[in-house]
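Structure file run_32.txt; described as compact mmCIF, C-alpha atoms and all ligand atoms.
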# COMPACT_ATOMS: atom_id res chain seq x y z
CA MET W 280 89.65 -96.58 -13.79
CA THR W 281 89.74 -97.02 -10.03
CA THR W 282 88.36 -94.60 -7.46
CA VAL W 283 89.19 -94.81 -3.78
CA THR W 284 86.94 -92.98 -1.31
CA TRP W 285 87.63 -92.48 2.40
CA LEU W 286 84.56 -93.07 4.57
CA GLY W 287 86.28 -91.86 7.73
CA HIS W 288 88.41 -93.82 10.23
CA ALA W 289 89.60 -96.95 8.37
CA SER W 290 86.59 -97.43 6.09
CA MET W 291 87.17 -97.19 2.36
CA ALA W 292 85.04 -97.62 -0.73
CA ILE W 293 86.88 -98.74 -3.86
CA GLU W 294 85.23 -98.67 -7.25
CA THR W 295 87.13 -100.50 -9.97
CA ASN W 296 85.78 -101.66 -13.34
CA ASN W 297 82.27 -101.08 -12.02
CA TYR W 298 82.75 -103.36 -9.02
CA ARG W 299 82.00 -101.75 -5.68
CA ILE W 300 84.23 -102.88 -2.83
CA LEU W 301 83.94 -101.74 0.78
CA VAL W 302 86.89 -102.14 3.12
CA ASP W 303 86.27 -102.37 6.88
CA PRO W 304 82.82 -100.68 6.69
CA PHE W 305 82.44 -99.06 10.12
CA ILE W 306 79.67 -96.52 9.63
CA ARG W 307 76.92 -96.55 12.27
CA ASP W 308 79.20 -95.89 15.27
CA ASN W 309 81.85 -94.00 13.31
CA PRO W 310 81.75 -90.31 14.29
CA ALA W 311 83.60 -89.43 11.06
CA ALA W 312 81.33 -91.34 8.66
CA PRO W 313 80.07 -89.08 5.83
CA VAL W 314 77.22 -91.40 4.84
CA GLN W 315 74.49 -93.52 6.36
CA GLU W 316 75.03 -97.25 6.33
CA GLU W 317 71.81 -97.68 4.31
CA GLU W 318 73.23 -95.54 1.47
CA LEU W 319 76.16 -97.86 0.80
CA SER W 320 76.08 -100.45 -1.95
CA ALA W 321 78.65 -103.20 -2.32
CA ASP W 322 79.52 -106.20 -4.46
CA PHE W 323 82.39 -107.21 -2.17
CA ILE W 324 83.42 -106.34 1.40
CA LEU W 325 86.97 -106.80 2.71
CA VAL W 326 87.43 -107.23 6.47
CA SER W 327 91.01 -106.86 7.67
CA HIS W 328 90.63 -108.06 11.28
CA GLY W 329 88.08 -108.72 13.98
CA HIS W 330 88.00 -105.42 15.89
CA GLY W 331 84.68 -103.63 16.10
CA ASP W 332 85.91 -100.53 14.26
CA HIS W 333 86.68 -102.76 11.23
CA VAL W 334 84.05 -105.53 11.23
CA GLY W 335 81.72 -102.59 11.86
CA ASP W 336 78.47 -102.94 9.93
CA THR W 337 79.67 -105.78 7.70
CA VAL W 338 76.89 -108.19 8.70
CA SER W 339 74.00 -105.81 8.01
CA ILE W 340 75.49 -104.37 4.79
CA ALA W 341 76.37 -107.83 3.46
CA LYS W 342 72.88 -109.16 4.17
CA ARG W 343 71.20 -106.14 2.59
CA THR W 344 73.39 -106.05 -0.53
CA ASP W 345 74.27 -109.78 -0.80
CA ALA W 346 77.93 -108.72 -1.05
CA LEU W 347 80.58 -111.43 -0.84
CA VAL W 348 82.79 -110.86 2.21
CA ILE W 349 86.50 -111.62 1.90
CA SER W 350 88.46 -112.05 5.12
CA ASN W 351 90.69 -114.51 6.91
CA PHE W 352 89.45 -118.06 7.55
CA GLU W 353 88.43 -117.47 11.17
CA ILE W 354 86.48 -114.25 10.55
CA SER W 355 84.89 -115.83 7.46
CA ASN W 356 83.60 -118.70 9.63
CA TRP W 357 82.24 -116.22 12.20
CA LEU W 358 80.48 -114.16 9.50
CA GLY W 359 79.24 -117.32 7.80
CA SER W 360 77.57 -118.41 11.04
CA LYS W 361 75.59 -115.15 10.87
CA GLY W 362 74.31 -115.90 7.38
CA VAL W 363 76.83 -113.84 5.39
CA ARG W 364 78.34 -115.14 2.11
CA THR W 365 82.10 -115.37 2.51
CA HIS W 366 85.32 -116.16 0.70
CA PRO W 367 88.09 -117.14 3.14
CA GLN W 368 91.73 -116.42 2.33
CA HIS W 369 94.78 -116.15 4.51
CA ILE W 370 98.03 -114.26 4.84
CA GLY W 371 100.28 -114.67 1.83
CA GLY W 372 97.46 -116.13 -0.25
CA GLY W 373 96.03 -114.41 -3.29
CA PHE W 374 92.98 -115.12 -5.43
CA HIS W 375 91.70 -113.87 -8.78
CA HIS W 376 88.35 -112.26 -7.95
CA PRO W 377 86.24 -110.61 -10.69
CA PHE W 378 87.56 -107.17 -9.61
CA GLY W 379 91.24 -108.14 -9.58
CA TYR W 380 93.84 -110.20 -7.74
CA LEU W 381 93.64 -109.83 -3.97
CA LYS W 382 96.36 -111.02 -1.61
CA LEU W 383 96.25 -110.90 2.18
CA THR W 384 99.38 -109.44 3.75
CA GLN W 385 100.68 -109.58 7.29
CA ALA W 386 99.76 -106.94 9.84
CA LEU W 387 101.12 -106.46 13.37
CA HIS W 388 97.97 -106.07 15.45
CA GLY W 389 95.19 -108.08 17.18
CA SER W 390 92.01 -109.57 15.74
CA ALA W 391 89.53 -110.59 18.46
CA LEU W 392 85.94 -110.33 17.26
CA PRO W 393 83.41 -108.07 19.04
CA ASP W 394 81.89 -111.00 21.00
CA GLY W 395 85.33 -112.24 22.06
CA SER W 396 85.51 -114.98 19.41
CA TYR W 397 88.93 -115.81 17.99
CA GLY W 398 89.51 -113.76 14.85
CA GLY W 399 92.73 -115.36 13.62
CA ASN W 400 95.58 -113.10 12.57
CA PRO W 401 95.02 -109.55 11.37
CA ALA W 402 95.74 -108.79 7.73
CA GLY W 403 96.33 -106.06 5.22
CA PHE W 404 95.36 -106.24 1.54
CA LEU W 405 97.29 -105.99 -1.70
CA LEU W 406 94.90 -105.44 -4.60
CA THR W 407 96.07 -105.68 -8.19
CA THR W 408 93.37 -104.14 -10.35
CA LEU W 409 92.42 -105.54 -13.75
CA GLU W 410 94.61 -102.77 -15.25
CA GLY W 411 97.56 -103.95 -13.18
CA LYS W 412 97.60 -101.06 -10.68
CA LYS W 413 98.63 -102.15 -7.19
CA ILE W 414 96.91 -100.75 -4.12
CA TYR W 415 98.31 -101.68 -0.70
CA LEU W 416 95.95 -101.25 2.23
CA ALA W 417 98.13 -101.77 5.30
CA CYS W 418 95.07 -101.70 7.60
CA ASP W 419 95.71 -101.68 11.37
CA THR W 420 99.39 -102.43 11.84
CA GLY W 421 102.63 -101.37 13.39
CA LEU W 422 105.65 -100.77 11.19
CA PHE W 423 107.40 -103.92 9.93
CA GLY W 424 110.51 -104.28 7.80
CA ASP W 425 108.87 -106.60 5.27
CA MET W 426 106.88 -103.64 3.98
CA ARG W 427 109.99 -103.39 1.80
CA LEU W 428 108.96 -106.67 0.10
CA ILE W 429 105.48 -105.32 -0.52
CA GLY W 430 107.08 -102.22 -2.00
CA GLU W 431 109.03 -104.38 -4.46
CA GLU W 432 105.68 -105.12 -6.13
CA GLY W 433 105.55 -101.51 -7.37
CA ILE W 434 102.79 -99.82 -5.39
CA GLU W 435 100.66 -97.13 -7.04
CA LEU W 436 98.74 -96.26 -3.87
CA ALA W 437 99.39 -97.09 -0.22
CA VAL W 438 96.64 -96.52 2.34
CA LEU W 439 98.37 -96.22 5.71
CA PRO W 440 97.27 -95.65 9.31
CA ILE W 441 98.96 -92.68 10.99
CA GLY W 442 96.91 -92.27 14.19
CA ASP W 443 99.40 -93.77 16.67
CA ASN W 444 98.30 -95.47 19.91
CA PHE W 445 96.65 -98.48 18.18
CA THR W 446 98.67 -98.45 14.91
CA MET W 447 101.66 -96.77 13.33
CA GLY W 448 101.99 -93.13 14.26
CA PRO W 449 103.30 -90.40 11.97
CA ALA W 450 107.02 -91.17 12.46
CA ASP W 451 106.66 -94.89 11.73
CA ALA W 452 104.22 -94.22 8.88
CA LEU W 453 106.91 -92.01 7.31
CA LYS W 454 109.34 -94.96 7.60
CA ALA W 455 106.65 -97.15 6.01
CA VAL W 456 106.46 -94.82 2.99
CA LYS W 457 110.24 -95.06 2.64
CA LEU W 458 110.02 -98.89 2.64
CA ILE W 459 106.98 -99.18 0.35
CA LYS W 460 107.91 -96.36 -2.07
CA PRO W 461 104.35 -95.82 -3.35
CA ARG W 462 103.49 -93.13 -5.88
CA HIS W 463 100.46 -92.01 -3.87
CA VAL W 464 99.55 -92.24 -0.19
CA ILE W 465 96.24 -91.81 1.63
CA PRO W 466 96.54 -91.51 5.44
CA ILE W 467 93.72 -93.03 7.53
CA HIS W 468 92.91 -94.20 11.08
CA TYR W 469 93.43 -90.74 12.61
CA ASN W 470 91.24 -87.95 14.06
CA THR W 471 88.25 -90.26 14.58
CA TRP W 472 88.66 -89.72 18.30
CA ASP W 473 90.99 -87.51 20.40
CA LEU W 474 93.08 -90.58 21.23
CA ILE W 475 94.31 -90.77 17.62
CA ALA W 476 94.32 -87.06 16.74
CA GLN W 477 97.19 -86.09 14.40
CA ASP W 478 98.40 -83.08 12.43
CA VAL W 479 97.94 -84.64 9.01
CA GLN W 480 99.11 -81.57 7.07
CA ALA W 481 102.42 -81.62 8.96
CA TRP W 482 102.76 -85.32 8.11
CA LYS W 483 102.03 -84.68 4.45
CA ALA W 484 104.66 -81.93 4.34
CA GLN W 485 107.29 -84.16 5.94
CA VAL W 486 106.55 -87.17 3.71
CA GLU W 487 106.63 -85.05 0.56
CA ALA W 488 109.90 -83.40 1.69
CA GLU W 489 111.64 -86.71 2.41
CA THR W 490 110.18 -89.03 -0.27
CA SER W 491 108.83 -88.81 -3.80
CA ALA W 492 105.35 -89.97 -2.73
CA GLN W 493 102.37 -87.68 -3.13
CA VAL W 494 100.15 -87.56 -0.02
CA HIS W 495 96.41 -87.11 -0.57
CA VAL W 496 94.72 -85.77 2.56
CA LEU W 497 91.06 -86.62 2.01
CA SER W 498 88.10 -85.45 4.01
CA PRO W 499 85.63 -88.23 4.80
CA GLY W 500 83.59 -88.71 1.62
CA GLN W 501 86.35 -87.46 -0.69
CA SER W 502 87.91 -89.65 -3.39
CA LEU W 503 91.17 -90.17 -5.23
CA SER W 504 90.98 -91.45 -8.80
CA LEU W 505 93.71 -93.60 -10.32
CA ASP W 506 93.39 -93.51 -14.09
NI NI O 601 92.15 -102.84 15.23
MN MN O 602 91.27 -99.93 14.23
What is this structure when it is put down as structure tokens?
Amino acid sequence: MTTVTWLGHASMAIETNNYRILVDPFIRDNPAAPVQEEELSADFILVSHGHGDHVGDTVSIAKRTDALVISNFEISNWLGSKGVRTHPQHIGGGFHHPFGYLKLTQALHGSALPDGSYGGNPAGFLLTTLEGKKIYLACDTGLFGDMRLIGEEGIELAVLPIGDNFTMGPADALKAVKLIKPRHVIPIHYNTWDLIAQDVQAWKAQVEAETSAQVHVLSPGQSLSLD
């Protein structure tokens, strides 16, 4: 059983086979965060790229919980220099972690770290759970045609940004659903600030009218369970 919880903005908590995984834990400065940073526990933390709204509170949470942080090689080095335990991977590469098989996917975005350090290339994540369910976290990205290749894997759940301005907006995120063909979709990276405000119910209605995907509009703190 796998449960995916939205922590507002692009932060997710995934619980699968009793492993607790945080993705891009941006809590302290996240106006949409439903929890305090100190309340979060983690065995693993995934960091998609170097921007402050994704690296977020990774260093303090990782040090407090001793979570292993999985990110690209450059961000792993940067976190390692701050005393965090890391596992570096890179785009196209997968690894069998205790919680499942995790592959880094391409993302069209930037990745500079908060202090200006080079953060390598931004990534998304394709997680295959121990039960074989595939979860695609696109993370911050524009639309790209090779989402079709990711879709060929047979995606149970796609977590997609819809906020526009910094990432795909609603129209391109609809095209992404058509390329990926997931059974379930969770929209993220919207409504955190006015700059990325979107009518998510209108997007859900359009996606469900034009595709067979089911869109789950979560409030921060709400979960979707995949049995
Ligand atoms: Ni970003
Ligand atoms: Mn972002």
Draw an axis-aligned box tight on the listed atoms of stretch 448-452 of chain W, then pad every side by 6 Å and write out centre and edge lengths in Å to one decimal as AutoDock Vina command-line options.
--center_x 104.5 --center_y -92.6 --center_z 11.6 --size_x 17.0 --size_y 16.5 --size_z 17.4
Surrounding residues as a VMD selection string, ligand MN 602 (chain O), max 9 Å, only C-alpha atoms and all ligand atoms:
chain W and resid 288 to 289 328 330 to 333 418 to 420 440 445 to 446 468
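Of the residues under consideration (W:Arg299, W:Met426, W:Ser491, W:Pro466), W:Pro466 shows the shortest atom-to-atom contact distance to W:Leu439 when counting all atoms listed in the file.
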Skipping near chain neighbours, those fewer than 6 positions away, what residues fall within 12 Å of W:Trp357 using only C-alpha atoms, listed as a ChimeraX atom specification?
/W:326,328-329,334,337-338,348,350-351,363-367,391-399
What separation in Å, quoted to one decimal, exists between atom CA of W:Gln368 and atom CA of W:Leu347?
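One can read the atom CA of W:Gln368 to atom CA of W:Leu347 distance as 12.6 Å.
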Quick one: distance from atom CA of W:Ser502 to atom CA of W:Thr282 in Å, one decimal?
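Answer for the atom CA of W:Ser502 to atom CA of W:Thr282 separation: 6.4 Å.
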Considering all atoms listed in the file, return as a compact mmCIF listing (two decimals) with C-alpha atoms, in the frame of the given file whatever protein or nucleic-acid residues lie within 9 Å of stretch 341-343 of chain W, sequence-local ones (same chain, fewer than 5 positions apart) excluded.
# COMPACT_ATOMS: atom_id res chain seq x y z
CA GLU W 317 71.81 -97.68 4.31
CA SER W 320 76.08 -100.45 -1.95
CA ALA W 321 78.65 -103.20 -2.32
CA ASP W 322 79.52 -106.20 -4.46
CA PHE W 323 82.39 -107.21 -2.17
CA ILE W 324 83.42 -106.34 1.40
CA ASP W 336 78.47 -102.94 9.93
CA VAL W 348 82.79 -110.86 2.21
CA GLY W 362 74.31 -115.90 7.38
CA VAL W 363 76.83 -113.84 5.39
CA ARG W 364 78.34 -115.14 2.11
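Residue neighbourhood of stretch 472-480 of chain W, excluding near-sequence residues (fewer than 3 positions): Gly442, Asp443, Asn444, Tyr469, Lys483 and Ala484 of chain W, at 7 Å, using all atoms listed in the file.
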Restricted to C-alpha atoms, what would the selected residues look like written as a PDB file, in the frame of the given file?
ATOM      1  CA  GLY W 442      96.910 -92.270  14.190  1.00  0.00           C
ATOM      2  CA  ASP W 443      99.400 -93.770  16.670  1.00  0.00           C
ATOM      3  CA  ASN W 444      98.300 -95.470  19.910  1.00  0.00           C
ATOM      4  CA  TYR W 469      93.430 -90.740  12.610  1.00  0.00           C
ATOM      5  CA  LYS W 483     102.030 -84.680   4.450  1.00  0.00           C
ATOM      6  CA  ALA W 484     104.660 -81.930   4.340  1.00  0.00           C
TER       7      ALA W 484
END
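Distances here use only C-alpha atoms and all ligand atoms; by that measure, the residue among W:Pro401, W:Gly500, W:Gly359, W:Gly372 closest to ligand NI 601 (chain O) is W:Pro401.
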Shell of 9 Å around W:Thr295, only C-alpha atoms, local chain residues under 3 positions omitted, as a PyMOL selection string
chain W and resi 280-283+298-300+378-379+408-409
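When only C-alpha atoms and all ligand atoms are used to compute distances to ligand NI 601 (chain O), the closest of the residues W:His376, W:His388, W:His463, W:Lys361 turns out to be W:His388.
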Taking (72.2, -98.9, 3.5) in the file's coordinates, which residues come within 9 Å, counting all atoms listed in the file, written as a list in words?
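All residues meeting the 9 Å criterion around (72.2, -98.9, 3.5) are Gln315, Glu316, Glu317, Glu318, Leu319, Ser320, Ser339, Ile340, Arg343 and Thr344 of chain W.
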Quick one: of W:Phe305, W:Trp482, W:Phe374, W:Trp285, who's nearest to ligand NI 601 (chain O), counting only C-alpha atoms and all ligand atoms?
W:Phe305
I need the residue nearest W:Arg307 from this list: W:Ile429, W:Gly287, W:Leu405, W:Gly373. Use only C-alpha atoms for the distance.
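The shortest atom-to-atom distance to W:Arg307 comes from W:Gly287.
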Using all atoms listed in the file for the distances, tell me which of W:Met291, W:Ile465, W:Ala402, W:Leu497 is nearest to ligand NI 601 (chain O).
W:Ala402
